[in-house]
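Below is the file target.pdb, which contains PDB, C-alpha atoms.
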ATOM      1  CA  MET C  85       0.000   0.000   0.000
ATOM      2  CA  THR C  86       1.335   3.430  -0.956
ATOM      3  CA  LEU C  87      -0.063   6.761   0.223
ATOM      4  CA  LEU C  88       0.659  10.135  -1.363
ATOM      5  CA  CYS C  89       0.727  12.838   1.314
ATOM      6  CA  PHE C  90       1.175  16.590   1.014
ATOM      7  CA  ASP C  91       2.178  19.245   3.529
ATOM      8  CA  ILE C  92       1.183  22.738   2.409
ATOM      9  CA  SER C  93       3.116  25.377   4.370
ATOM     10  CA  SER C  94       3.358  29.133   4.018
ATOM     11  CA  GLY C  95       6.754  28.583   2.356
ATOM     12  CA  GLY C  96       5.973  25.773  -0.080
ATOM     13  CA  VAL C  97       4.691  22.248  -0.634
ATOM     14  CA  SER C  98       6.266  18.972   0.452
ATOM     15  CA  ALA C  99       5.089  15.690  -1.041
ATOM     16  CA  ALA C 100       5.996  12.162   0.012
ATOM     17  CA  LEU C 101       5.095   8.589  -0.830
ATOM     18  CA  PHE C 102       4.562   6.477   2.305
ATOM     19  CA  SER C 103       4.411   2.706   2.607
ATOM     20  CA  SER C 104       1.972   0.892   4.909
ATOM     21  CA  LYS C 105       4.781   0.936   7.512
ATOM     22  CA  LEU C 106       4.998   4.741   7.188
ATOM     23  CA  GLU C 107       8.382   4.474   5.503
ATOM     24  CA  VAL C 108       9.126   7.290   3.055
ATOM     25  CA  GLY C 109       9.741   6.046  -0.478
ATOM     26  CA  LYS C 110      10.116   9.337  -2.340
ATOM     27  CA  PHE C 111      10.125  12.940  -1.142
ATOM     28  CA  ILE C 112      10.135  16.284  -2.914
ATOM     29  CA  GLU C 113       9.770  19.970  -2.033
ATOM     30  CA  GLU C 114       8.657  22.934  -4.113
ATOM     31  CA  ASN C 115       8.973  26.434  -2.663
ATOM     32  CA  TRP C 116       6.905  29.523  -3.368
ATOM     33  CA  LYS C 117       7.231  33.164  -2.529
ATOM     34  CA  LEU C 118       5.172  34.762   0.213
ATOM     35  CA  GLU C 119       3.992  38.184  -0.938
ATOM     36  CA  ALA C 120       4.587  40.510   2.022
ATOM     37  CA  GLY C 121       3.816  44.230   2.210
ATOM     38  CA  ASP C 122       4.501  47.139   4.526
ATOM     39  CA  GLN C 123       0.905  47.176   5.812
ATOM     40  CA  GLY C 124       1.141  43.708   7.317
ATOM     41  CA  SER C 125       0.055  41.772   4.239
ATOM     42  CA  ALA C 126       1.357  38.219   3.818
ATOM     43  CA  SER C 127      -0.425  36.339   1.073
ATOM     44  CA  LEU C 128       0.087  33.729  -1.629
ATOM     45  CA  SER C 129      -0.981  33.438  -5.246
ATOM     46  CA  VAL C 130      -3.501  30.675  -5.942
ATOM     47  CA  ASP C 131      -1.991  30.086  -9.390
ATOM     48  CA  GLN C 132       1.497  29.749  -7.908
ATOM     49  CA  ILE C 133       0.313  27.260  -5.284
ATOM     50  CA  VAL C 134      -1.536  25.086  -7.802
ATOM     51  CA  GLU C 135       1.395  25.120 -10.240
ATOM     52  CA  ARG C 136       3.959  24.191  -7.567
ATOM     53  CA  PHE C 137       1.563  21.487  -6.350
ATOM     54  CA  LYS C 138       1.489  20.011  -9.851
ATOM     55  CA  GLN C 139       5.276  20.234 -10.117
ATOM     56  CA  ALA C 140       5.658  18.316  -6.858
ATOM     57  CA  VAL C 141       3.418  15.513  -8.156
ATOM     58  CA  ARG C 142       5.260  15.323 -11.471
ATOM     59  CA  GLY C 143       8.630  15.438  -9.704
ATOM     60  CA  LEU C 144       7.808  12.293  -7.736
ATOM     61  CA  ALA C 145       7.430  10.373 -11.009
ATOM     62  CA  ILE C 146       4.913   8.006  -9.390
ATOM     63  CA  ALA C 147       5.101   4.523 -10.866
ATOM     64  CA  GLU C 148       3.642   2.365  -8.091
ATOM     65  CA  PRO C 149      -0.108   1.959  -7.457
ATOM     66  CA  LEU C 150      -1.575   4.502  -5.028
ATOM     67  CA  GLU C 151      -4.035   3.646  -2.290
ATOM     68  CA  ALA C 152      -5.061   7.209  -1.370
ATOM     69  CA  ILE C 153      -4.066  10.879  -1.312
ATOM     70  CA  CYS C 154      -4.222  13.236   1.672
ATOM     71  CA  ILE C 155      -3.378  16.908   2.197
ATOM     72  CA  GLY C 156      -2.335  18.648   5.408
ATOM     73  CA  ALA C 157      -2.114  22.424   5.230
ATOM     74  CA  PHE C 158      -1.208  25.467   7.264
ATOM     75  CA  MET C 159      -4.132  26.734   9.296
ATOM     76  CA  HIS C 160      -6.017  30.068   9.244
ATOM     77  CA  SER C 161      -6.034  30.540   5.465
ATOM     78  CA  CYS C 162      -8.810  31.821   3.231
ATOM     79  CA  VAL C 163      -9.396  32.954  -0.322
ATOM     80  CA  LEU C 164     -12.495  34.455  -1.955
ATOM     81  CA  LEU C 165     -13.653  32.933  -5.254
ATOM     82  CA  ASP C 166     -16.025  34.200  -7.939
ATOM     83  CA  PRO C 167     -18.965  32.201  -9.432
ATOM     84  CA  ASN C 168     -16.491  30.418 -11.746
ATOM     85  CA  ASP C 169     -14.264  29.471  -8.797
ATOM     86  CA  LYS C 170     -11.594  31.934  -9.923
ATOM     87  CA  PRO C 171      -9.760  33.805  -7.143
ATOM     88  CA  LEU C 172     -10.963  37.307  -6.297
ATOM     89  CA  THR C 173      -8.235  37.661  -3.660
ATOM     90  CA  PRO C 174      -4.880  36.067  -2.932
ATOM     91  CA  VAL C 175      -4.706  33.402  -0.229
ATOM     92  CA  PHE C 176      -4.588  35.220   3.114
ATOM     93  CA  THR C 177      -2.122  33.383   5.369
ATOM     94  CA  TRP C 178      -1.902  33.244   9.165
ATOM     95  CA  LEU C 179       1.035  35.682   8.934
ATOM     96  CA  ASP C 180      -1.170  38.376   7.386
ATOM     97  CA  GLN C 181      -1.925  41.077   9.954
ATOM     98  CA  ARG C 182      -4.687  42.896   8.058
ATOM     99  CA  GLY C 183      -7.446  41.985  10.469
ATOM    100  CA  GLU C 184      -7.285  44.655  13.167
ATOM    101  CA  GLU C 185     -10.338  46.581  11.939
ATOM    102  CA  GLY C 186     -12.210  43.318  11.684
ATOM    103  CA  ILE C 187     -11.413  42.478  15.301
ATOM    104  CA  GLU C 188     -13.170  45.622  16.523
ATOM    105  CA  PHE C 189     -16.021  45.025  14.092
ATOM    106  CA  ILE C 190     -16.691  41.547  15.546
ATOM    107  CA  ARG C 191     -15.898  42.502  19.154
ATOM    108  CA  SER C 192     -18.442  45.327  19.078
ATOM    109  CA  ARG C 193     -21.157  42.875  18.023
ATOM    110  CA  LEU C 194     -20.335  39.704  19.952
ATOM    111  CA  GLY C 195     -17.895  40.669  22.719
ATOM    112  CA  GLN C 196     -16.657  37.654  24.693
ATOM    113  CA  GLY C 197     -19.403  35.657  23.005
ATOM    114  CA  PHE C 198     -17.069  35.296  20.036
ATOM    115  CA  HIS C 199     -14.670  33.101  22.028
ATOM    116  CA  GLU C 200     -17.553  31.189  23.590
ATOM    117  CA  ARG C 201     -18.895  30.359  20.141
ATOM    118  CA  THR C 202     -15.695  29.634  18.234
ATOM    119  CA  GLY C 203     -12.920  28.914  20.737
ATOM    120  CA  CYS C 204     -10.773  31.413  18.810
ATOM    121  CA  ARG C 205      -9.097  34.523  20.146
ATOM    122  CA  PHE C 206      -9.155  38.143  19.034
ATOM    123  CA  HIS C 207      -6.135  37.937  16.756
ATOM    124  CA  PRO C 208      -5.795  39.136  13.121
ATOM    125  CA  MET C 209      -4.528  35.749  11.899
ATOM    126  CA  PHE C 210      -8.047  34.303  11.935
ATOM    127  CA  PRO C 211      -9.842  34.461   8.546
ATOM    128  CA  VAL C 212     -13.030  35.747  10.197
ATOM    129  CA  PHE C 213     -11.238  39.029  10.938
ATOM    130  CA  LYS C 214      -9.843  39.324   7.403
ATOM    131  CA  LEU C 215     -13.410  39.011   6.123
ATOM    132  CA  ALA C 216     -14.724  41.457   8.695
ATOM    133  CA  THR C 217     -12.040  43.959   7.637
ATOM    134  CA  LEU C 218     -13.131  43.549   4.019
ATOM    135  CA  GLN C 219     -16.714  44.096   5.138
ATOM    136  CA  VAL C 220     -15.671  47.417   6.687
ATOM    137  CA  GLN C 221     -13.263  48.585   3.989
ATOM    138  CA  ASP C 222     -14.542  47.060   0.752
ATOM    139  CA  GLU C 223     -17.964  45.476   1.103
ATOM    140  CA  GLN C 224     -18.169  44.858  -2.651
ATOM    141  CA  SER C 225     -15.349  42.310  -2.541
ATOM    142  CA  ILE C 226     -17.478  40.026  -0.363
ATOM    143  CA  ALA C 227     -20.637  40.818  -2.333
ATOM    144  CA  GLN C 228     -18.893  39.571  -5.508
ATOM    145  CA  ALA C 229     -17.724  36.325  -3.919
ATOM    146  CA  SER C 230     -19.468  32.986  -4.323
ATOM    147  CA  ARG C 231     -17.154  31.006  -2.055
ATOM    148  CA  VAL C 232     -14.823  31.495   0.893
ATOM    149  CA  VAL C 233     -12.486  28.518   1.283
ATOM    150  CA  SER C 234      -9.191  27.421   2.816
ATOM    151  CA  ILE C 235      -6.218  26.476   0.661
ATOM    152  CA  LYS C 236      -6.740  22.814   1.610
ATOM    153  CA  ALA C 237     -10.376  22.864   0.509
ATOM    154  CA  LEU C 238      -9.346  24.525  -2.753
ATOM    155  CA  LEU C 239      -6.694  21.894  -3.543
ATOM    156  CA  ASN C 240      -9.053  19.042  -2.654
ATOM    157  CA  GLN C 241     -11.612  20.518  -5.029
ATOM    158  CA  ARG C 242      -9.019  20.855  -7.775
ATOM    159  CA  LEU C 243      -8.342  17.118  -7.423
ATOM    160  CA  THR C 244     -11.904  15.821  -7.061
ATOM    161  CA  GLY C 245     -14.335  18.528  -8.152
ATOM    162  CA  VAL C 246     -15.930  18.351  -4.671
ATOM    163  CA  TRP C 247     -16.024  21.199  -2.141
ATOM    164  CA  THR C 248     -15.593  20.108   1.456
ATOM    165  CA  GLU C 249     -13.843  21.088   4.693
ATOM    166  CA  ASP C 250     -12.899  19.232   7.866
ATOM    167  CA  HIS C 251     -13.840  20.255  11.414
ATOM    168  CA  GLY C 252     -10.301  21.355  12.295
ATOM    169  CA  MET C 253      -9.694  23.758   9.414
ATOM    170  CA  ALA C 254     -13.246  25.096   9.744
ATOM    171  CA  SER C 255     -12.733  25.656  13.470
ATOM    172  CA  ALA C 256      -9.411  27.439  12.891
ATOM    173  CA  SER C 257     -11.163  29.947  10.605
ATOM    174  CA  GLY C 258     -13.006  31.631  13.486
ATOM    175  CA  MET C 259     -16.332  31.155  11.685
ATOM    176  CA  TYR C 260     -17.252  27.748  13.084
ATOM    177  CA  ASN C 261     -19.380  27.108  16.156
ATOM    178  CA  ILE C 262     -17.500  24.444  18.126
ATOM    179  CA  ARG C 263     -20.571  23.435  20.146
ATOM    180  CA  ASP C 264     -22.920  23.088  17.175
ATOM    181  CA  GLY C 265     -20.252  21.510  14.951
ATOM    182  CA  ASP C 266     -21.087  23.737  11.990
ATOM    183  CA  TRP C 267     -20.566  27.216  10.578
ATOM    184  CA  ASP C 268     -21.866  29.836  13.010
ATOM    185  CA  GLN C 269     -25.083  31.390  11.722
ATOM    186  CA  GLU C 270     -24.802  34.677  13.634
ATOM    187  CA  LEU C 271     -21.264  35.269  12.390
ATOM    188  CA  MET C 272     -22.419  34.492   8.855
ATOM    189  CA  ALA C 273     -25.125  37.145   9.205
ATOM    190  CA  ILE C 274     -22.656  39.709  10.577
ATOM    191  CA  LEU C 275     -20.289  39.076   7.654
ATOM    192  CA  LYS C 276     -23.166  38.940   5.154
ATOM    193  CA  LEU C 277     -22.136  35.473   4.034
ATOM    194  CA  LYS C 278     -24.565  32.796   2.913
ATOM    195  CA  LYS C 279     -23.961  29.336   4.330
ATOM    196  CA  GLU C 280     -23.618  27.880   0.827
ATOM    197  CA  MET C 281     -20.544  30.068   0.324
ATOM    198  CA  LEU C 282     -18.693  27.852   2.822
ATOM    199  CA  PRO C 283     -17.924  24.154   2.168
ATOM    200  CA  PRO C 284     -19.830  21.395   3.971
ATOM    201  CA  VAL C 285     -17.903  20.116   6.995
ATOM    202  CA  SER C 286     -17.047  16.441   7.550
ATOM    203  CA  SER C 287     -14.445  14.256   9.247
ATOM    204  CA  ARG C 288     -10.766  14.612   8.367
ATOM    205  CA  SER C 289     -10.642  10.866   7.604
ATOM    206  CA  ASP C 290     -13.565  10.867   5.149
ATOM    207  CA  VAL C 291     -12.977  10.123   1.480
ATOM    208  CA  VAL C 292     -14.284  13.299  -0.154
ATOM    209  CA  GLY C 293     -13.896  12.266  -3.773
ATOM    210  CA  ARG C 294     -11.673  10.632  -6.357
ATOM    211  CA  ILE C 295      -9.152  11.847  -8.905
ATOM    212  CA  THR C 296     -11.069  12.860 -12.004
ATOM    213  CA  ARG C 297     -10.019  11.976 -15.548
ATOM    214  CA  LYS C 298      -9.148  15.610 -16.300
ATOM    215  CA  VAL C 299      -6.987  15.876 -13.182
ATOM    216  CA  ALA C 300      -5.327  12.535 -13.906
ATOM    217  CA  SER C 301      -4.112  13.929 -17.209
ATOM    218  CA  GLU C 302      -3.284  17.400 -15.894
ATOM    219  CA  PHE C 303      -1.469  16.363 -12.703
ATOM    220  CA  GLY C 304      -0.016  13.035 -13.779
ATOM    221  CA  LEU C 305      -2.018  11.034 -11.206
ATOM    222  CA  PRO C 306      -3.939   7.769 -11.661
ATOM    223  CA  GLU C 307      -7.660   8.279 -12.251
ATOM    224  CA  GLY C 308     -10.042   7.158  -9.505
ATOM    225  CA  ILE C 309      -7.619   7.363  -6.542
ATOM    226  CA  PRO C 310      -9.510   8.265  -3.314
ATOM    227  CA  VAL C 311      -8.758  11.666  -1.793
ATOM    228  CA  ILE C 312      -9.037  11.888   1.999
ATOM    229  CA  ASN C 313     -10.364  15.116   3.516
ATOM    230  CA  GLY C 314      -7.216  15.894   5.540
ATOM    231  CA  SER C 315      -6.812  18.712   8.047
ATOM    232  CA  GLY C 316      -4.571  21.455   9.372
ATOM    233  CA  ASP C 317      -0.891  20.970  10.162
ATOM    234  CA  GLY C 318      -1.375  21.623  13.881
ATOM    235  CA  PHE C 319      -3.989  18.883  14.181
ATOM    236  CA  PHE C 320      -1.828  16.383  12.317
ATOM    237  CA  ALA C 321       1.286  17.327  14.282
ATOM    238  CA  HIS C 322      -0.572  16.659  17.517
ATOM    239  CA  SER C 323      -2.152  13.329  16.538
ATOM    240  CA  GLY C 324       1.050  12.229  14.784
ATOM    241  CA  SER C 325       2.951  12.748  18.037
ATOM    242  CA  GLY C 326       0.823  10.072  19.683
ATOM    243  CA  CYS C 327      -0.951  12.627  21.869
ATOM    244  CA  SER C 328      -4.594  11.790  21.190
ATOM    245  CA  SER C 329      -5.387  11.262  24.895
ATOM    246  CA  PRO C 330      -5.753  14.119  27.435
ATOM    247  CA  GLU C 331      -2.828  12.712  29.457
ATOM    248  CA  ARG C 332      -0.326  13.731  26.785
ATOM    249  CA  ILE C 333       0.620  17.228  25.549
ATOM    250  CA  SER C 334       2.440  17.970  22.294
ATOM    251  CA  VAL C 335       4.890  20.811  21.661
ATOM    252  CA  THR C 336       5.750  21.710  18.073
ATOM    253  CA  LEU C 337       8.332  24.168  16.778
ATOM    254  CA  GLY C 338       7.856  25.304  13.201
ATOM    255  CA  THR C 339       7.834  28.917  12.073
ATOM    256  CA  SER C 340       5.720  29.437  15.186
ATOM    257  CA  ALA C 341       5.455  27.365  18.367
ATOM    258  CA  GLY C 342       2.384  25.497  19.594
ATOM    259  CA  VAL C 343       1.420  23.567  22.738
ATOM    260  CA  ARG C 344      -1.675  21.368  22.412
ATOM    261  CA  GLN C 345      -3.844  18.945  24.389
ATOM    262  CA  ALA C 346      -6.727  16.802  23.100
ATOM    263  CA  LEU C 347      -9.917  16.879  25.187
ATOM    264  CA  PRO C 348     -13.365  15.233  24.958
ATOM    265  CA  VAL C 349     -15.151  18.530  25.752
ATOM    266  CA  PRO C 350     -14.397  22.182  24.888
ATOM    267  CA  VAL C 351     -12.587  24.318  27.489
ATOM    268  CA  LEU C 352     -13.275  28.005  26.901
ATOM    269  CA  ASP C 353     -11.610  30.784  28.881
ATOM    270  CA  LEU C 354     -10.715  33.964  27.007
ATOM    271  CA  ALA C 355      -8.663  35.283  29.939
ATOM    272  CA  ALA C 356      -6.406  32.201  29.868
ATOM    273  CA  GLY C 357      -4.967  33.144  26.478
ATOM    274  CA  THR C 358      -5.737  29.731  24.999
ATOM    275  CA  PHE C 359      -7.546  28.597  21.871
ATOM    276  CA  CYS C 360      -9.894  25.620  21.689
ATOM    277  CA  TYR C 361     -10.711  24.116  18.291
ATOM    278  CA  ARG C 362     -12.941  21.229  17.348
ATOM    279  CA  ALA C 363     -10.562  18.697  15.816
ATOM    280  CA  THR C 364     -13.112  16.005  14.913
ATOM    281  CA  GLY C 365     -16.751  15.276  15.650
ATOM    282  CA  ASN C 366     -15.951  14.360  19.268
ATOM    283  CA  GLU C 367     -12.458  15.729  20.012
ATOM    284  CA  TYR C 368     -11.324  19.255  20.884
ATOM    285  CA  LEU C 369      -7.822  20.703  20.764
ATOM    286  CA  LEU C 370      -6.870  23.092  23.565
ATOM    287  CA  GLY C 371      -3.649  25.036  23.235
ATOM    288  CA  CYS C 372      -1.659  28.204  22.967
ATOM    289  CA  ALA C 373       0.812  29.495  20.408
ATOM    290  CA  GLY C 374       3.735  31.850  20.040
ATOM    291  CA  ASN C 375       4.849  33.809  16.987
ATOM    292  CA  ASN C 376       8.420  32.571  17.269
ATOM    293  CA  GLY C 377       9.535  28.963  16.973
ATOM    294  CA  GLY C 378      11.979  27.543  14.484
ATOM    295  CA  ASN C 379      12.411  30.965  12.879
ATOM    296  CA  VAL C 380      14.475  31.928  15.934
ATOM    297  CA  LEU C 381      17.117  29.558  14.576
ATOM    298  CA  GLU C 382      17.056  31.338  11.214
ATOM    299  CA  TRP C 383      17.422  34.667  12.969
ATOM    300  CA  SER C 384      20.366  33.310  14.979
ATOM    301  CA  ARG C 385      22.104  32.103  11.841
ATOM    302  CA  ALA C 386      21.610  35.458  10.121
ATOM    303  CA  VAL C 387      22.738  37.576  13.079
ATOM    304  CA  LEU C 388      25.345  35.376  14.708
ATOM    305  CA  GLY C 389      26.531  33.406  11.703
ATOM    306  CA  VAL C 390      26.072  30.057  13.418
TER     307      VAL C 390
END

Could I get this structure in the form of structure tokens?
Amino acid sequence: MTLLCFDISSGGVSAALFSSKLEVGKFIEENWKLEAGDQGSASLSVDQIVERFKQAVRGLAIAEPLEAICIGAFMHSCVLLDPNDKPLTPVFTWLDQRGEEGIEFIRSRLGQGFHERTGCRFHPMFPVFKLATLQVQDEQSIAQASRVVSIKALLNQRLTGVWTEDHGMASASGMYNIRDGDWDQELMAILKLKKEMLPPVSSRSDVVGRITRKVASEFGLPEGIPVINGSGDGFFAHSGSGCSSPERISVTLGTSAGVRQALPVPVLDLAAGTFCYRATGNEYLLGCAGNNGGNVLEWSRAVLGV
């Protein structure tokens, strides 16, 4: 059995072929350029992501039969699409700081109720605040949109033709009600979004579709291969560390740092400085994060030459 797995980060895509024993057969990386601006913008081009994704698949030169495909992606991303599923905006990443106006917009309407509903904090990285900022500054951009999706949902749709999202990525958007297990209706009304603009939510382990004939030709993949829903990198890092029980806590150091604990019920306390996402239908992820993690090492190399 061979699995094709992708990790979509803010800096590029990694792709690997895994055996049933989780041994890596082939591995490849394709980098892309984060578009950063002096007003806190940090976004990615949809076209660049899709093209690098294709290059990674072709670079693996897959000859063996595939059992399934799965994508893990960086959290807190969103892009607005038009009625033809063409991008109206770049992909807003978690590094993008253009959400401050949106924070006040949501806070003035929901107050602490925002955290109680979503488990998210008042921080500009969350897509809900990017959308709220657009609502304040450029309402037409949302009025023209037919979909608001994460980069993972977009890539899954490119492979299968099916729009879907998992609980974890939905929860990390700040627009998902962790108690109801669905997109939050009051937030949708505040943002003037229709529910059909957001993908249906299902389990991260669900098969959401199969590689279409067109994609098989375009990407160099076998037709009919199942595509698993997948989730966000933080959720996979935690479960992959063997920390699915409340007795174990994971610590990850990437560009940022995260400490996480899986719980059977949500724990919500805005004053504690923690987030609480719904990871699956019956599991919640409590944690906290820092802006600096592995990038401290890069800074040390640049400054100290070590």

Legend entry - Option closest in space to C:Val311, from C:Gln345, C:Thr217, C:Ser98, C:Ser289 [counting all atoms listed in the file]: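 Among the listed residues, C:Ser289 lies closest to C:Val311.
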
Inset, instruction - Using only C-alpha atoms, find the one residue out of C:Gln123, C:Ser301, C:Asn376, C:Ser234 that sits nearest to C:Trp247. - result: C:Ser234

Inset, instruction - Could you check which of C:Ser328, C:Thr244, C:Asn168, C:Ser104 is closest to C:Ala300, using all atoms listed in the file? - result: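 That would be C:Thr244, the residue with the smallest distance to C:Ala300.
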
Find the residues near C:Glu200: any atom within 8 Å, counting all atoms listed in the file, skip ones fewer than 4 places away on the same chain, and give them as an mmCIF file with C-alpha atoms, keeping the file's coordinate frame.
data_model
loop_
_atom_site.group_PDB
_atom_site.id
_atom_site.type_symbol
_atom_site.label_atom_id
_atom_site.label_comp_id
_atom_site.auth_asym_id
_atom_site.auth_seq_id
_atom_site.Cartn_x
_atom_site.Cartn_y
_atom_site.Cartn_z
ATOM 1 C CA GLN C 196 -16.657 37.654 24.693
ATOM 2 C CA LEU C 352 -13.275 28.005 26.901
ATOM 3 C CA ASP C 353 -11.610 30.784 28.881
#

Can you list every residue of stretch 233-348 of chain C that has an atom at most 6 Å from stretch 210-215 of chain C, with its nearest atom pair and the distance in Å to one decimal, using all atoms listed in the file, ordered by chain then number, as JSON lines?
{"residue": "C:Ser257", "atom": "CA", "partner": "C:Pro211", "partner_atom": "CA", "distance": 5.1}
{"residue": "C:Gly258", "atom": "CA", "partner": "C:Val212", "partner_atom": "CA", "distance": 5.3}
{"residue": "C:Met259", "atom": "CA", "partner": "C:Val212", "partner_atom": "CA", "distance": 5.8}

I need the residues from that last selection saved to file as an mmCIF file, in the coordinates of the input (with C-alpha atoms), if you can.
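As written to disk, selection_30.cif reads:
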data_model
loop_
_atom_site.group_PDB
_atom_site.id
_atom_site.type_symbol
_atom_site.label_atom_id
_atom_site.label_comp_id
_atom_site.auth_asym_id
_atom_site.auth_seq_id
_atom_site.Cartn_x
_atom_site.Cartn_y
_atom_site.Cartn_z
ATOM 1 C CA SER C 257 -11.163 29.947 10.605
ATOM 2 C CA GLY C 258 -13.006 31.631 13.486
ATOM 3 C CA MET C 259 -16.332 31.155 11.685
#

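Between atom CA of C:Thr86 and atom CA of C:Phe137 there is a distance of 18.8 Å.
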
Inset, instruction - For the structure shown, which residues end up in the PyMOL selection byres ((chain C and resi 236) around 8)? Put them as a ChimeraX atom specification, please? - result: /C:92,155-157,234-235,237-240,249,314-315
